[in-house]
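Down below is the structure, laid out as structure tokens.
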2 protein chains.
Amino acid sequence: MWMAELATRSGLSVPTIKYYLREGLLPSGTATGATRATYDEEHVRRLRLIRALTDVAGLRLETVRQVLEGIDGAGSWHDAVGSAHTRLGSPGTQTAPPSAASVARVDALLERQGWELGEDHPQAAVLARTLDALDELEHPVGDELLDLYAAAMRPVAEHEVSSIRVGEVEASVEAAVIGTLVQEPLLLAIRRIAQENVSRTLES
Amino acid sequence: MWMAELATRSGLSVPTIKYYLREGLLPSGTATGATRATYDEEHVRRLRLIRALTDVAGLRLETVRQVLEGIDGAGSWHDAVGSAHTRLGSPGTQTAPPSAASVARVDALLERQGWELGEDHPQAAVLARTLDALDELEHPVGDELLDLYAAAMRPVAEHEVSSIRVGEVEASVEAAVIGTLVQEPLLLAIRRIAQENVSRTLES
DNA sequence: GCTCCTTAGATAGTTTTACTCTCCAATATT
DNA sequence: AATATTGGAGAGTAAAACTATCTAAGGAGC
């Protein structure tokens with residue numbers, strides 16, 4: 001298909017797609033001359049993934065680019081998710097290093113849960129920095145809440161990982177990123193709904 | 001304290017604080033003349049909350065402003081969280097209305113869980129739109145995953161809500177917003193760490 | 001072959017968000 | 001009285017994500 005069809009199929013404008021090509025988010029089509037190129041279903045899928053990662057998961061384009069590079073270079077679920085997590089850092093703009101106390105608390109959590117993580121893992125840093133932020137707000141969270149979160153996420157993670165590992169590795173690498181990033185709003189929305197219902201029950 | 005001290009105490013620059021004042025994110029200090037005003041601890045707290053909501057929870061300033069208005073006007077946990085959720089919509093930029101099929105699936109989920117929610121609740125819309133997005137990515141999620149998420153979030157929500165209701169209502173309204181929004185990265189980071197560990201276990 | 005239309009590729013312009021800077025007159029401080 | 005700081009207002013800036021324009025080269029229809 002040509003550019004015009006790619007635009008209608010993906011629901012994006014031609015200038016936007018050109019912009020994504022320039023930014024390295026979308027691979028070039030197959031050139032059929034100096035001013036012509038054809039695109040395939042893979043390009044449509046890629047565009048839909050880009051929009052899901054920006055609109056649904058709330059990632060910035062630069063982060064999307066790095067995540068996509070990770071997809072293209074990964075050889076397994078573990079690779080893909082690890083790569084995505086490495087690029088992600090935090091959802092916000094935090095960059096300051098976490099306090100030693102919070103890092104120790106995260107290490108203790110991993111120890112209690114029997115979880116292993118490489119040195120300087122970005123999610124561990126996010127965890128520690130968020131603990132710092134909550135302390136500064138005079139709203140510290142206890143280890144029991146962290147353990148509760150871990151206990152809640154363990155079966156979720158088990159189901160999510162195992163449900164993806166049925167297909168072949170190549171396709172499942174993309175599925176890994178979708179399962180991790182695009183499903184996040186699902187989990188958060190359900191948490192918020194649950195909170196409101198608990199709150200309503202206690203109120204009356 | 002004066003502006004200069006407020007700046008050092010909050011870690012923000014004077015122009016940034018002036019900007020927040022202009023944008024209605026921070027209430028004015030007590031004027032002691034035409035060109036002087038004093039600020040108190042409440043201002044320091046408010047600034048720290050603003051930075052946590054932007055840097056940690058990833059909210060835009062306009063959303064922060066609406067959430068803060070909700071805090072100031074709320075009379076209970078339920079009010080505060082409900083107001084925050086109303087302003088939030090989705091983390092990304094989604095605005096299109098969800099499909100009828102997804103809305104029906106969300107209604108069925110609420111029914112199965114015994115949860116009630118007002119008409120057109122924003123989190124229900126986020127849920128439905130995310131289901132649509134996952135369908136378009138040819139990565140549909142089943143009702144069993146939604147139920148698993150709900151089962152995982154139920155005890156989490158119960159703990160979070162009940163642990164806040166110990167103090168008086170006034171202060172707990174702010175705690176409600178912090179507990180909901182600022183703790184989100186904690187939950188997501190722990191989910192990602194859990195996923196990596198499950199993945200590592202299955203890999204070897 | 002000729003005309004018209006679309007396209008690749010490049011450059012420049014726009015919009016939004018979140019600041020950051022500059023002024024000015026009025027105070028405080030010294 | 002001299003100097004420094006502040007409140008308030010307006011303009012300027014930087015980054016992100018598009019959006020528009022331009023040019024020359026094809027290709028499609030006649």
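By order of appearance in the structure tokens: chains A, B, ..., then residues from 1 within every chain, and ligands from 1 in the order shown.
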Inset, instruction - Select all residues from chain A having any atom no more than 12 Å from an atom of chain C (counting only C-alpha atoms (C1' of nucleotides), ignoring ligands), output as a PyMOL selection string. - result: chain A and resi 2-4+14-15+18-19+21-22+28-38
Inset, instruction - Taking the chain letters and numbering used in this document, name the residues of chain B that DSSP puts in strand (DSSP E), as a ChimeraX atom specification. - result: /B:30-33,36-38
How would the residues just chosen look if you wrote them out with C-alpha atoms as a PDB file, in the first residue's frame?
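Output file selection32.pdb follows:
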```
ATOM      1  CA  THR B  30      -0.905  37.190  53.679  1.00  0.00           C
ATOM      2  CA  ALA B  31      -0.219  40.671  52.323  1.00  0.00           C
ATOM      3  CA  THR B  32       1.657  42.940  54.723  1.00  0.00           C
ATOM      4  CA  GLY B  33       1.799  45.895  52.355  1.00  0.00           C
ATOM      5  CA  ARG B  36       5.160  42.205  50.652  1.00  0.00           C
ATOM      6  CA  ALA B  37       3.453  39.039  51.775  1.00  0.00           C
ATOM      7  CA  THR B  38       4.217  36.268  54.241  1.00  0.00           C
TER       8      THR B  38
END
```
Inset, instruction - Find the residues around Val141 (chain A) up to 9 Å (only C-alpha atoms (C1' of nucleotides) counted), leave out those fewer than 6 positions away in its own chain, and share them as an MDAnalysis selection string. - result: (chainID A and resid 131 134:135) or (chainID B and resid 183)
Keeping only N, CA and C atoms, write those residues as an mmCIF file, in the first residue's frame.
```cif
data_model
loop_
_atom_site.group_PDB
_atom_site.id
_atom_site.type_symbol
_atom_site.label_atom_id
_atom_site.label_comp_id
_atom_site.auth_asym_id
_atom_site.auth_seq_id
_atom_site.Cartn_x
_atom_site.Cartn_y
_atom_site.Cartn_z
ATOM 1 N N LEU A 131 9.375 6.346 47.441
ATOM 2 C CA LEU A 131 9.348 6.283 48.912
ATOM 3 C C LEU A 131 9.865 7.587 49.501
ATOM 4 N N LEU A 134 7.203 10.285 49.187
ATOM 5 C CA LEU A 134 6.121 10.105 50.166
ATOM 6 C C LEU A 134 6.576 10.533 51.557
ATOM 7 N N ASP A 135 7.842 10.271 51.877
ATOM 8 C CA ASP A 135 8.382 10.739 53.161
ATOM 9 C C ASP A 135 8.346 12.263 53.232
ATOM 10 N N GLN B 183 0.982 7.080 45.233
ATOM 11 C CA GLN B 183 1.385 5.692 45.470
ATOM 12 C C GLN B 183 1.285 4.827 44.216
#
```
Using only C-alpha atoms (C1' of nucleotides), find each residue in chain D having at least one atom no more than 12 Å away from chain A; report its shortest atom-to-atom pair and that distance in Å (one decimal), rows by chain then rising number, as a Markdown table.
```
| residue | atom | partner | partner_atom | distance |
| --- | --- | --- | --- | --- |
| D:DA15 | C1' | A:Arg60 | CA | 11.7 |
| D:DA16 | C1' | A:Arg60 | CA | 8.3 |
| D:DA17 | C1' | A:Leu61 | CA | 8.3 |
| D:DC18 | C1' | A:Thr16 | CA | 6.6 |
| D:DT19 | C1' | A:Pro15 | CA | 6.8 |
| D:DA20 | C1' | A:Pro15 | CA | 8.7 |
| D:DT21 | C1' | A:Pro15 | CA | 11.4 |
| D:DT23 | C1' | A:Thr35 | CA | 11.6 |
| D:DA24 | C1' | A:Thr35 | CA | 9.0 |
| D:DA25 | C1' | A:Thr35 | CA | 5.9 |
| D:DG26 | C1' | A:Thr35 | CA | 6.2 |
| D:DG27 | C1' | A:Arg36 | CA | 9.2 |
```
Legend entry - Exercise answer, chain B residues close to chain A, 6 Å and only C-alpha atoms, as a PyMOL selection string: chain B and resi 55-56+58+78+91-94+123+127+152-154+157+186+189+191+194-195+199
Export of prior selection with N, CA and C atoms as a compact mmCIF listing (two decimals), in the first residue's frame:
```txt
# COMPACT_ATOMS: atom_id res chain seq x y z
N ASP B 55 5.97 15.44 39.33
CA ASP B 55 7.18 14.63 39.11
C ASP B 55 6.95 13.14 39.36
N VAL B 56 6.18 12.81 40.39
CA VAL B 56 6.00 11.39 40.74
C VAL B 56 4.78 10.81 40.04
N GLY B 58 3.14 12.23 37.61
CA GLY B 58 3.15 12.54 36.18
C GLY B 58 1.97 13.36 35.69
N HIS B 78 -14.18 10.15 50.43
CA HIS B 78 -14.93 9.78 49.24
C HIS B 78 -15.05 10.95 48.27
N PRO B 91 -4.48 8.77 31.94
CA PRO B 91 -3.12 9.26 32.04
C PRO B 91 -2.63 9.85 30.71
N GLY B 92 -3.12 9.30 29.63
CA GLY B 92 -2.66 9.75 28.32
C GLY B 92 -3.52 10.85 27.74
N THR B 93 -3.81 10.74 26.47
CA THR B 93 -4.51 11.82 25.79
C THR B 93 -5.83 11.35 25.19
N GLN B 94 -6.25 10.14 25.57
CA GLN B 94 -7.47 9.59 24.99
C GLN B 94 -8.68 10.48 25.24
N GLN B 123 -13.41 6.72 35.36
CA GLN B 123 -12.56 5.53 35.40
C GLN B 123 -13.18 4.38 34.62
N LEU B 127 -11.35 2.55 31.51
CA LEU B 127 -11.32 1.10 31.41
C LEU B 127 -11.81 0.65 30.04
N ALA B 152 -7.08 -8.75 42.83
CA ALA B 152 -5.81 -8.28 43.38
C ALA B 152 -5.97 -6.91 44.01
N MET B 153 -6.79 -6.06 43.41
CA MET B 153 -6.91 -4.68 43.89
C MET B 153 -7.84 -4.54 45.08
N ARG B 154 -8.73 -5.52 45.27
CA ARG B 154 -9.70 -5.41 46.36
C ARG B 154 -9.03 -5.29 47.73
N ALA B 157 -7.07 -1.93 47.99
CA ALA B 157 -7.94 -0.77 48.21
C ALA B 157 -8.46 -0.75 49.64
N LEU B 186 4.47 3.27 42.90
CA LEU B 186 4.90 2.18 43.77
C LEU B 186 4.33 0.86 43.27
N ALA B 189 5.71 -0.12 39.79
CA ALA B 189 7.11 -0.56 39.83
C ALA B 189 7.18 -1.98 40.40
N ARG B 191 4.83 -4.23 40.24
CA ARG B 191 4.31 -5.14 39.22
C ARG B 191 5.40 -5.47 38.20
N ALA B 194 7.92 -7.76 39.68
CA ALA B 194 7.35 -9.11 39.79
C ALA B 194 7.35 -9.80 38.42
N GLN B 195 6.97 -9.06 37.40
CA GLN B 195 6.96 -9.64 36.05
C GLN B 195 8.34 -10.13 35.64
N SER B 199 9.28 -13.95 34.83
CA SER B 199 9.87 -14.22 33.53
C SER B 199 11.21 -14.94 33.67
```
